[in-house]
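A.B. asks: The structure follows.
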Amino acid sequence: MNITIRQFQIFEAVAQHLSYTRAAELLYLSQPAVSMQIKQLENEVEVPLFERIGKKLFLTEAGEELLIYARNISQQLVELDDVFNEIRGSERGRLTIAVATTANYFSLKLLGEFYRRFSSTKISLDVTNRESLLNHLNDNTVDMVIMGQPPEGLDVEATPFLENALVVIAPKGHELITQKQIPLSVLQQETFIMREHGSGTRIAMEHFFEQNGYSISSVMEMSSNEAISQAVEAGLGLGIASLHTVEAELSSARLHVLDVESFPIVRHWYLVHRRGKRLTALMEAFKRLVIDETGTILKI
């Protein structure tokens with residue numbers, strides 16, 4: 001079998017986006033050139049890798065299998081580049097990080113401090129939801145992940161490094177702001193602005209209320225933390241948010257933290273990577289910075 005690295009790269013791009021056009025744009029190639037490489041690859045393996053149903057492109061069973069190998073090869077090439085950078089004593093390596101959207105507020109400060117120390121590092125950051133973080137870990141497509149709740153069922157190493165306090169937020173002038181130790185039974189009557197099902201904050205909140213014998217009956221879903229803050233500020237309901245995500249709104253008194261019994265819900269932020277993953281010197285340096293220096297950098 002004679003498959004080139006370039007063909008693997010082109011195949012992986014098409015498979016990831018399920019689009020010849022999008023893959024061509026990302027690789028700075030023409031669409032006919034991408035189609036030709038995929039056709040040559042299919043001739044080499046002697047089975048179709050994609051099938052088109054209507055206007056949509058899908059991977060075949062053979063395509064799904066090849067994608068696993070293509071990703072492994074891409075990762076090994078990245079690791080090989082990092083190894084040679086270390087041998088040369090270079091700090092020009094790369095660092096790929098994925099963080100939960102709720103962790104973006106402080107993660108940028110950590111990455112900024114890391115870049116100040118290792119300014120030749122090429123940093124790639126993906127700020128995304130929990131589902132994508134789990135996919136990154138499962139596919140080993142990033143070096144490390146910053147997230148709230150480490151996944152079960154994946155062989156990962158997860159290190160807690162920062163408390164993550166979940167609080168109930170209300171808009172300026174809300175009638176509950178002046179009350180103390182608000183019972184959960186009162187909150188049950190309120191409308192809550194929440195992230196989509198599967199988000200770490202929502203999972204923690206629903207689990208907390210369920211443990212205490214309550215449930216939230218009225219929910220309005222938002223796709224981002226910024227949208228939640230804006231919706232709460234506009235008076236559409238209450239929210240439950242990580243304290244790190246609403247610091248600016250609290251400082252300007254646009255939002256207020258309610259004094260609710262059993263709150264805040266204190267969780268932790270974790271730095272997560274696949275167990276057994278080979279960490280380069282740069283990855284180790286970032287890991288040590290996060291675990292040992294987050295409190296100092298964030299001035300907690």
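By convention in this document, the chains of the structure tokens carry letters A, B, ... by their order, each chain's residues are numbered from 1, and ligands are numbered from 1 in the order they are shown.
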If we count only C-alpha atoms, what is near Val145 of chain A at a cut-off of 9 Å, once residues fewer than 3 positions away on the same chain are taken out, given as a PyMOL selection string?

C.D. replies: chain A and resi 96-100+133+136-137+142+270-273

A.B. asks: Write to file, as an mmCIF file, in the first residue's frame, the residues of the selection just made, with all heavy atoms.

C.D. replies:
data_model
loop_
_atom_site.group_PDB
_atom_site.id
_atom_site.type_symbol
_atom_site.label_atom_id
_atom_site.label_comp_id
_atom_site.auth_asym_id
_atom_site.auth_seq_id
_atom_site.Cartn_x
_atom_site.Cartn_y
_atom_site.Cartn_z
ATOM 1 N N THR A 96 -1.312 22.596 22.209
ATOM 2 C CA THR A 96 -2.717 22.628 21.811
ATOM 3 C C THR A 96 -3.572 22.373 23.047
ATOM 4 O O THR A 96 -3.456 21.334 23.689
ATOM 5 C CB THR A 96 -3.017 21.582 20.726
ATOM 6 O OG1 THR A 96 -2.661 20.280 21.204
ATOM 7 C CG2 THR A 96 -2.226 21.871 19.471
ATOM 8 N N ILE A 97 -4.416 23.334 23.357
ATOM 9 C CA ILE A 97 -5.227 23.293 24.563
ATOM 10 C C ILE A 97 -6.694 23.469 24.188
ATOM 11 O O ILE A 97 -7.031 24.275 23.312
ATOM 12 C CB ILE A 97 -4.830 24.414 25.544
ATOM 13 C CG1 ILE A 97 -3.338 24.331 25.884
ATOM 14 C CG2 ILE A 97 -5.684 24.355 26.810
ATOM 15 C CD1 ILE A 97 -2.957 23.111 26.685
ATOM 16 N N ALA A 98 -7.564 22.727 24.843
ATOM 17 C CA ALA A 98 -9.009 22.937 24.712
ATOM 18 C C ALA A 98 -9.566 23.239 26.094
ATOM 19 O O ALA A 98 -9.189 22.594 27.071
ATOM 20 C CB ALA A 98 -9.694 21.712 24.115
ATOM 21 N N VAL A 99 -10.423 24.239 26.189
ATOM 22 C CA VAL A 99 -10.969 24.628 27.488
ATOM 23 C C VAL A 99 -12.484 24.762 27.397
ATOM 24 O O VAL A 99 -13.035 25.107 26.348
ATOM 25 C CB VAL A 99 -10.356 25.959 27.996
ATOM 26 C CG1 VAL A 99 -8.843 25.878 28.025
ATOM 27 C CG2 VAL A 99 -10.806 27.136 27.163
ATOM 28 N N ALA A 100 -13.136 24.477 28.516
ATOM 29 C CA ALA A 100 -14.578 24.693 28.607
ATOM 30 C C ALA A 100 -14.877 26.180 28.466
ATOM 31 O O ALA A 100 -14.086 27.030 28.875
ATOM 32 C CB ALA A 100 -15.103 24.166 29.938
ATOM 33 N N LEU A 133 -15.043 18.749 24.198
ATOM 34 C CA LEU A 133 -13.897 18.436 25.053
ATOM 35 C C LEU A 133 -13.732 16.926 25.183
ATOM 36 O O LEU A 133 -12.613 16.400 25.122
ATOM 37 C CB LEU A 133 -14.082 19.057 26.436
ATOM 38 C CG LEU A 133 -14.087 20.588 26.520
ATOM 39 C CD1 LEU A 133 -14.339 21.038 27.956
ATOM 40 C CD2 LEU A 133 -12.773 21.177 26.007
ATOM 41 N N HIS A 136 -12.261 15.590 22.034
ATOM 42 C CA HIS A 136 -10.822 15.874 21.976
ATOM 43 C C HIS A 136 -10.037 14.834 22.773
ATOM 44 O O HIS A 136 -9.011 14.321 22.319
ATOM 45 C CB HIS A 136 -10.534 17.265 22.537
ATOM 46 C CG HIS A 136 -10.704 18.379 21.556
ATOM 47 N ND1 HIS A 136 -10.120 18.370 20.301
ATOM 48 C CD2 HIS A 136 -11.385 19.555 21.646
ATOM 49 C CE1 HIS A 136 -10.438 19.484 19.667
ATOM 50 N NE2 HIS A 136 -11.201 20.219 20.454
ATOM 51 N N LEU A 137 -10.516 14.529 23.972
ATOM 52 C CA LEU A 137 -9.823 13.556 24.812
ATOM 53 C C LEU A 137 -9.910 12.156 24.218
ATOM 54 O O LEU A 137 -8.926 11.413 24.209
ATOM 55 C CB LEU A 137 -10.420 13.560 26.221
ATOM 56 C CG LEU A 137 -10.080 14.782 27.086
ATOM 57 C CD1 LEU A 137 -10.930 14.789 28.343
ATOM 58 C CD2 LEU A 137 -8.587 14.785 27.450
ATOM 59 N N VAL A 142 -5.846 16.993 21.217
ATOM 60 C CA VAL A 142 -5.215 18.130 21.889
ATOM 61 C C VAL A 142 -4.256 17.589 22.943
ATOM 62 O O VAL A 142 -4.319 16.427 23.326
ATOM 63 C CB VAL A 142 -6.247 19.068 22.556
ATOM 64 C CG1 VAL A 142 -7.155 19.709 21.523
ATOM 65 C CG2 VAL A 142 -7.058 18.329 23.610
ATOM 66 N N TYR A 270 -10.213 21.162 36.483
ATOM 67 C CA TYR A 270 -9.211 20.109 36.333
ATOM 68 C C TYR A 270 -8.403 20.333 35.056
ATOM 69 O O TYR A 270 -8.931 20.783 34.035
ATOM 70 C CB TYR A 270 -9.878 18.733 36.233
ATOM 71 C CG TYR A 270 -10.514 18.252 37.501
ATOM 72 C CD1 TYR A 270 -11.791 18.675 37.868
ATOM 73 C CD2 TYR A 270 -9.859 17.342 38.344
ATOM 74 C CE1 TYR A 270 -12.391 18.225 39.035
ATOM 75 C CE2 TYR A 270 -10.456 16.884 39.509
ATOM 76 C CZ TYR A 270 -11.713 17.328 39.845
ATOM 77 O OH TYR A 270 -12.307 16.882 41.000
ATOM 78 N N LEU A 271 -7.129 19.986 35.144
ATOM 79 C CA LEU A 271 -6.286 19.886 33.955
ATOM 80 C C LEU A 271 -6.236 18.407 33.592
ATOM 81 O O LEU A 271 -5.830 17.573 34.410
ATOM 82 C CB LEU A 271 -4.883 20.412 34.233
ATOM 83 C CG LEU A 271 -3.942 20.463 33.022
ATOM 84 C CD1 LEU A 271 -4.430 21.486 32.006
ATOM 85 C CD2 LEU A 271 -2.518 20.797 33.458
ATOM 86 N N VAL A 272 -6.656 18.079 32.370
ATOM 87 C CA VAL A 272 -6.866 16.675 31.991
ATOM 88 C C VAL A 272 -6.082 16.347 30.721
ATOM 89 O O VAL A 272 -6.036 17.149 29.784
ATOM 90 C CB VAL A 272 -8.365 16.399 31.744
ATOM 91 C CG1 VAL A 272 -8.609 14.914 31.486
ATOM 92 C CG2 VAL A 272 -9.209 16.873 32.921
ATOM 93 N N HIS A 273 -5.462 15.182 30.714
ATOM 94 C CA HIS A 273 -4.870 14.649 29.477
ATOM 95 C C HIS A 273 -4.944 13.130 29.521
ATOM 96 O O HIS A 273 -5.179 12.530 30.578
ATOM 97 C CB HIS A 273 -3.425 15.132 29.284
ATOM 98 C CG HIS A 273 -2.480 14.729 30.387
ATOM 99 N ND1 HIS A 273 -1.956 13.453 30.494
ATOM 100 C CD2 HIS A 273 -1.953 15.431 31.424
ATOM 101 C CE1 HIS A 273 -1.163 13.387 31.540
ATOM 102 N NE2 HIS A 273 -1.148 14.570 32.133
#

A.B. asks: Please identify all polymer residues within 9 Å of segment 57-70 of chain A, counting only C-alpha atoms, omitting same-chain residues fewer than 5 positions from it, and present them as a list of chain:residue names.

C.D. replies: A:Ile5, A:Phe8, A:Gln9, A:Phe11, A:Glu12, A:Ala15, A:Gln16, A:Leu18, A:Ser19, A:Tyr20, A:Val47, A:Pro48, A:Leu49, A:Phe50, A:Glu51, A:Arg52, A:Gln75, A:Asp139

A.B. asks: Go ahead and save the residues from that selection, with all heavy atoms, as a short mmCIF file (atom, residue, chain, number, x, y, z; two decimals), in the first residue's frame.

C.D. replies:
data_model
loop_
_atom_site.label_atom_id
_atom_site.label_comp_id
_atom_site.auth_asym_id
_atom_site.auth_seq_id
_atom_site.Cartn_x
_atom_site.Cartn_y
_atom_site.Cartn_z
N ILE A 5 1.71 10.92 3.08
CA ILE A 5 1.28 11.70 4.25
C ILE A 5 0.31 12.80 3.81
O ILE A 5 -0.68 13.08 4.51
CB ILE A 5 2.50 12.31 4.97
CG1 ILE A 5 3.31 11.19 5.64
CG2 ILE A 5 2.05 13.34 6.01
CD1 ILE A 5 4.60 11.66 6.27
N PHE A 8 -3.12 11.44 3.51
CA PHE A 8 -3.72 11.28 4.83
C PHE A 8 -4.26 12.62 5.34
O PHE A 8 -5.35 12.70 5.90
CB PHE A 8 -2.70 10.72 5.82
CG PHE A 8 -2.62 9.22 5.86
CD1 PHE A 8 -1.42 8.57 5.67
CD2 PHE A 8 -3.76 8.47 6.10
CE1 PHE A 8 -1.35 7.18 5.70
CE2 PHE A 8 -3.70 7.08 6.14
CZ PHE A 8 -2.49 6.44 5.94
N GLN A 9 -3.47 13.68 5.15
CA GLN A 9 -3.88 15.01 5.63
C GLN A 9 -5.14 15.49 4.92
O GLN A 9 -6.05 16.03 5.54
CB GLN A 9 -2.74 16.01 5.43
CG GLN A 9 -1.53 15.75 6.32
CD GLN A 9 -0.35 16.62 5.95
OE1 GLN A 9 -0.20 17.05 4.80
NE2 GLN A 9 0.53 16.87 6.93
N PHE A 11 -7.38 13.59 3.35
CA PHE A 11 -8.49 12.73 3.75
C PHE A 11 -9.03 13.14 5.12
O PHE A 11 -10.25 13.22 5.33
CB PHE A 11 -8.04 11.27 3.78
CG PHE A 11 -9.01 10.37 4.49
CD1 PHE A 11 -10.20 9.99 3.88
CD2 PHE A 11 -8.75 9.93 5.78
CE1 PHE A 11 -11.12 9.18 4.54
CE2 PHE A 11 -9.65 9.10 6.45
CZ PHE A 11 -10.84 8.73 5.83
N GLU A 12 -8.14 13.40 6.06
CA GLU A 12 -8.57 13.77 7.41
C GLU A 12 -9.37 15.07 7.39
O GLU A 12 -10.36 15.21 8.12
CB GLU A 12 -7.36 13.91 8.33
CG GLU A 12 -7.72 14.12 9.79
CD GLU A 12 -6.51 14.18 10.70
OE1 GLU A 12 -5.37 14.05 10.22
OE2 GLU A 12 -6.71 14.37 11.93
N ALA A 15 -12.78 14.31 5.93
CA ALA A 15 -13.54 13.51 6.88
C ALA A 15 -14.03 14.33 8.06
O ALA A 15 -15.12 14.13 8.57
CB ALA A 15 -12.69 12.33 7.37
N GLN A 16 -13.20 15.26 8.50
CA GLN A 16 -13.57 16.08 9.66
C GLN A 16 -14.73 17.02 9.33
O GLN A 16 -15.64 17.20 10.15
CB GLN A 16 -12.37 16.90 10.13
CG GLN A 16 -12.67 17.77 11.35
CD GLN A 16 -11.45 18.54 11.83
OE1 GLN A 16 -10.34 18.29 11.36
NE2 GLN A 16 -11.64 19.46 12.75
N LEU A 18 -16.58 16.82 6.37
CA LEU A 18 -17.52 16.19 5.43
C LEU A 18 -17.86 17.15 4.30
O LEU A 18 -19.02 17.32 3.91
CB LEU A 18 -18.78 15.72 6.16
CG LEU A 18 -18.54 14.59 7.17
CD1 LEU A 18 -19.82 14.27 7.93
CD2 LEU A 18 -18.00 13.34 6.47
N SER A 19 -16.79 17.75 3.77
CA SER A 19 -16.96 18.71 2.69
C SER A 19 -15.65 18.84 1.93
O SER A 19 -14.61 19.16 2.52
CB SER A 19 -17.37 20.07 3.25
OG SER A 19 -17.26 21.08 2.27
N TYR A 20 -15.70 18.61 0.61
CA TYR A 20 -14.52 18.80 -0.22
C TYR A 20 -14.17 20.29 -0.30
O TYR A 20 -12.99 20.66 -0.27
CB TYR A 20 -14.78 18.26 -1.63
CG TYR A 20 -14.78 16.76 -1.73
CD1 TYR A 20 -15.95 16.03 -1.58
CD2 TYR A 20 -13.60 16.06 -1.98
CE1 TYR A 20 -15.97 14.65 -1.67
CE2 TYR A 20 -13.59 14.67 -2.08
CZ TYR A 20 -14.78 13.98 -1.92
OH TYR A 20 -14.76 12.61 -2.01
N VAL A 47 -11.43 0.47 -1.94
CA VAL A 47 -12.79 0.55 -1.39
C VAL A 47 -13.18 2.03 -1.32
O VAL A 47 -12.31 2.90 -1.14
CB VAL A 47 -12.91 -0.07 0.03
CG1 VAL A 47 -12.83 -1.58 -0.03
CG2 VAL A 47 -11.87 0.50 0.96
N PRO A 48 -14.46 2.34 -1.45
CA PRO A 48 -14.88 3.75 -1.31
C PRO A 48 -14.77 4.22 0.14
O PRO A 48 -15.05 3.47 1.08
CB PRO A 48 -16.35 3.73 -1.77
CG PRO A 48 -16.80 2.32 -1.58
CD PRO A 48 -15.59 1.47 -1.81
N LEU A 49 -14.33 5.45 0.31
CA LEU A 49 -14.16 6.02 1.65
C LEU A 49 -15.28 6.99 2.01
O LEU A 49 -15.52 7.25 3.20
CB LEU A 49 -12.82 6.76 1.73
CG LEU A 49 -11.58 5.89 1.45
CD1 LEU A 49 -10.33 6.75 1.37
CD2 LEU A 49 -11.42 4.83 2.53
N PHE A 50 -15.96 7.51 0.98
CA PHE A 50 -17.07 8.42 1.21
C PHE A 50 -18.25 7.98 0.35
O PHE A 50 -18.09 7.34 -0.69
CB PHE A 50 -16.70 9.86 0.84
CG PHE A 50 -15.60 10.46 1.68
CD1 PHE A 50 -14.28 10.42 1.25
CD2 PHE A 50 -15.89 11.06 2.89
CE1 PHE A 50 -13.27 10.97 2.02
CE2 PHE A 50 -14.88 11.61 3.67
CZ PHE A 50 -13.57 11.56 3.23
N GLU A 51 -19.43 8.36 0.81
CA GLU A 51 -20.62 8.18 -0.01
C GLU A 51 -21.49 9.42 0.12
O GLU A 51 -21.52 10.06 1.16
CB GLU A 51 -21.42 6.93 0.42
CG GLU A 51 -21.91 6.96 1.85
CD GLU A 51 -22.68 5.71 2.22
OE1 GLU A 51 -22.99 4.93 1.30
OE2 GLU A 51 -22.97 5.51 3.41
N ARG A 52 -22.15 9.77 -0.96
CA ARG A 52 -22.99 10.97 -0.96
C ARG A 52 -24.44 10.54 -1.01
O ARG A 52 -24.86 9.77 -1.88
CB ARG A 52 -22.66 11.86 -2.16
CG ARG A 52 -23.36 13.21 -2.10
CD ARG A 52 -22.91 14.11 -3.23
NE ARG A 52 -21.51 14.49 -3.10
CZ ARG A 52 -21.08 15.48 -2.32
NH1 ARG A 52 -21.94 16.15 -1.58
NH2 ARG A 52 -19.80 15.78 -2.27
N GLN A 75 -1.03 12.75 14.79
CA GLN A 75 -0.56 13.00 16.15
C GLN A 75 0.89 12.58 16.31
O GLN A 75 1.68 13.27 16.97
CB GLN A 75 -1.45 12.25 17.15
CG GLN A 75 -1.10 12.48 18.62
CD GLN A 75 -1.25 13.94 19.03
OE1 GLN A 75 -2.10 14.64 18.52
NE2 GLN A 75 -0.41 14.38 19.96
N ASP A 139 -10.27 11.32 21.08
CA ASP A 139 -9.50 11.22 19.83
C ASP A 139 -8.05 11.64 19.99
O ASP A 139 -7.27 11.57 19.03
CB ASP A 139 -10.16 12.08 18.74
CG ASP A 139 -11.57 11.63 18.40
OD1 ASP A 139 -11.87 10.44 18.62
OD2 ASP A 139 -12.37 12.46 17.95
#

A.B. asks: Enumerate, in order of chain and increasing residue number, the residues of segment 7-122 of chain A with an atom no farther than 12 Å from segment 276-279 of chain A, each with its shortest atom pair and distance in Å to one decimal, counting only C-alpha atoms, as a tab-separated table.

C.D. replies:
residue	atom	partner	partner_atom	distance
A:Gln75	CA	A:Lys277	CA	11.1
A:Gln76	CA	A:Arg278	CA	10.5
A:Val78	CA	A:Arg278	CA	11.5
A:Glu79	CA	A:Arg278	CA	8.2
A:Leu80	CA	A:Arg278	CA	10.9
A:Asp82	CA	A:Leu279	CA	9.5
A:Val83	CA	A:Leu279	CA	9.9
A:Glu86	CA	A:Leu279	CA	11.3
A:Gly93	CA	A:Leu279	CA	11.7
A:Arg94	CA	A:Leu279	CA	11.5
A:Leu95	CA	A:Leu279	CA	10.3
A:Thr96	CA	A:Leu279	CA	11.8

A.B. asks: In Å, with one decimal, what is the gap from atom CA of Ala170 of chain A to atom CA of Asn129 of chain A?

C.D. replies: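 Separation of atom CA of Ala170 of chain A and atom CA of Asn129 of chain A: 23.8 Å.
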
A.B. asks: Excluding segment 189-197 of chain A and any residue of its chain fewer than 5 positions from it, enumerate the residues within 6 Å of it, using only C-alpha atoms, and give them as a PyMOL selection string.

C.D. replies: chain A and resi 218-223+228+237-239

A.B. asks: Filtering to C-alpha atoms, could you give me those residues as a JSON list (two decimals), in the first residue's frame?

C.D. replies:
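Output saved as again.json:
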[["chain", "number", "residue", "atom", "x", "y", "z"],
["A", 218, "SER", "CA", -39.13, 26.47, 34.16],
["A", 219, "VAL", "CA", -36.00, 26.62, 32.01],
["A", 220, "MET", "CA", -34.85, 28.89, 29.19],
["A", 221, "GLU", "CA", -31.78, 27.56, 27.32],
["A", 222, "MET", "CA", -28.95, 29.73, 26.03],
["A", 223, "SER", "CA", -25.98, 28.72, 23.90],
["A", 228, "ILE", "CA", -26.99, 33.74, 30.03],
["A", 237, "GLY", "CA", -34.89, 34.78, 34.90],
["A", 238, "LEU", "CA", -32.22, 33.69, 37.35],
["A", 239, "GLY", "CA", -29.02, 31.94, 36.38]]

A.B. asks: If you count only C-alpha atoms, which residues fall within 10 Å of Ala234 of chain A, apart from same-chain ones fewer than 4 positions away, as number ranges by chain?

C.D. replies: A: 170-172, 228-230, 254-255

A.B. asks: Between atom CA of Ile177 of chain A and atom CA of Leu162 of chain A, what is the distance in Å, rounded to a tenth?

C.D. replies: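 If I compute the distance from atom CA of Ile177 of chain A to atom CA of Leu162 of chain A, I get 27.4 Å.
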
A.B. asks: What does the distance from atom CA of Leu298 of chain A to atom CA of Asp259 of chain A come to in Å, to one decimal?

C.D. replies: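 Spanning atom CA of Leu298 of chain A to atom CA of Asp259 of chain A is a straight-line distance of 24.8 Å.
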
A.B. asks: For Gly153 of chain A, which residue out of A:Ser124, A:Gln37, A:Leu134, A:Ala285 is the nearest one, using only C-alpha atoms?

C.D. replies: A:Leu134

A.B. asks: Write out as a ChimeraX atom specification the set of residues from segment 42-265 of chain A that DSSP, computed on the backbone, places in strand (DSSP E).

C.D. replies: /A:50-53,56-59,94-100,122-128,144-147,156-171,191-194,218-221,238-242,255-257,265

A.B. asks: When DSSP is applied to the backbone of this structure, which of segment 27-266 of chain A are assigned alpha helix (DSSP H)? Write them out as a PyMOL selection string.

C.D. replies: chain A and resi 27+31-45+61-87+104-117+130-139+184-187+200-211+225-233+247-251

A.B. asks: So that I can see what lies close to Tyr214 of chain A, please list as a list in words the residues with an atom at most 8 Å from it, counting only C-alpha atoms and leaving out residues fewer than 2 positions away in the same chain.

C.D. replies: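 After dropping sequence-adjacent residues, the list is Leu184, Ser185, Gln188, Phe209, Glu210, Gln211, Asn212 and Ile216 of chain A.
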
A.B. asks: Can you spit out the residues from that selection as a PDB file, in the first residue's frame, using N, CA, C and O atoms?

C.D. replies:
ATOM      1  N   LEU A 184     -34.436  26.585  48.918  1.00  0.00           N
ATOM      2  CA  LEU A 184     -34.478  26.032  47.567  1.00  0.00           C
ATOM      3  C   LEU A 184     -35.909  25.955  47.053  1.00  0.00           C
ATOM      4  O   LEU A 184     -36.146  26.018  45.847  1.00  0.00           O
ATOM      5  N   SER A 185     -36.867  25.813  47.963  1.00  0.00           N
ATOM      6  CA  SER A 185     -38.271  25.744  47.550  1.00  0.00           C
ATOM      7  C   SER A 185     -38.714  27.038  46.866  1.00  0.00           C
ATOM      8  O   SER A 185     -39.580  27.022  45.981  1.00  0.00           O
ATOM      9  N   GLN A 188     -37.337  27.052  43.297  1.00  0.00           N
ATOM     10  CA  GLN A 188     -38.056  26.125  42.429  1.00  0.00           C
ATOM     11  C   GLN A 188     -39.164  26.830  41.646  1.00  0.00           C
ATOM     12  O   GLN A 188     -39.569  26.370  40.575  1.00  0.00           O
ATOM     13  N   PHE A 209     -29.955  19.886  42.787  1.00  0.00           N
ATOM     14  CA  PHE A 209     -31.364  20.028  43.126  1.00  0.00           C
ATOM     15  C   PHE A 209     -32.027  18.660  43.318  1.00  0.00           C
ATOM     16  O   PHE A 209     -32.866  18.483  44.210  1.00  0.00           O
ATOM     17  N   GLU A 210     -31.651  17.701  42.500  1.00  0.00           N
ATOM     18  CA  GLU A 210     -32.216  16.361  42.626  1.00  0.00           C
ATOM     19  C   GLU A 210     -31.849  15.728  43.964  1.00  0.00           C
ATOM     20  O   GLU A 210     -32.688  15.104  44.626  1.00  0.00           O
ATOM     21  N   GLN A 211     -30.587  15.909  44.389  1.00  0.00           N
ATOM     22  CA  GLN A 211     -30.147  15.379  45.671  1.00  0.00           C
ATOM     23  C   GLN A 211     -30.930  15.979  46.834  1.00  0.00           C
ATOM     24  O   GLN A 211     -31.135  15.333  47.866  1.00  0.00           O
ATOM     25  N   ASN A 212     -31.358  17.225  46.661  1.00  0.00           N
ATOM     26  CA  ASN A 212     -32.092  17.902  47.729  1.00  0.00           C
ATOM     27  C   ASN A 212     -33.605  17.807  47.573  1.00  0.00           C
ATOM     28  O   ASN A 212     -34.357  18.479  48.298  1.00  0.00           O
ATOM     29  N   ILE A 216     -36.053  21.956  38.808  1.00  0.00           N
ATOM     30  CA  ILE A 216     -36.326  23.245  38.183  1.00  0.00           C
ATOM     31  C   ILE A 216     -37.400  23.035  37.125  1.00  0.00           C
ATOM     32  O   ILE A 216     -37.206  22.277  36.172  1.00  0.00           O
TER      33      ILE A 216
END

A.B. asks: Which residues come within 10 Å of Lys109 of chain A, counting only C-alpha atoms, excluding same-chain residues fewer than 6 positions away, as JSON, numbers by chain?

C.D. replies: {"A": [115, 294, 297, 298]}
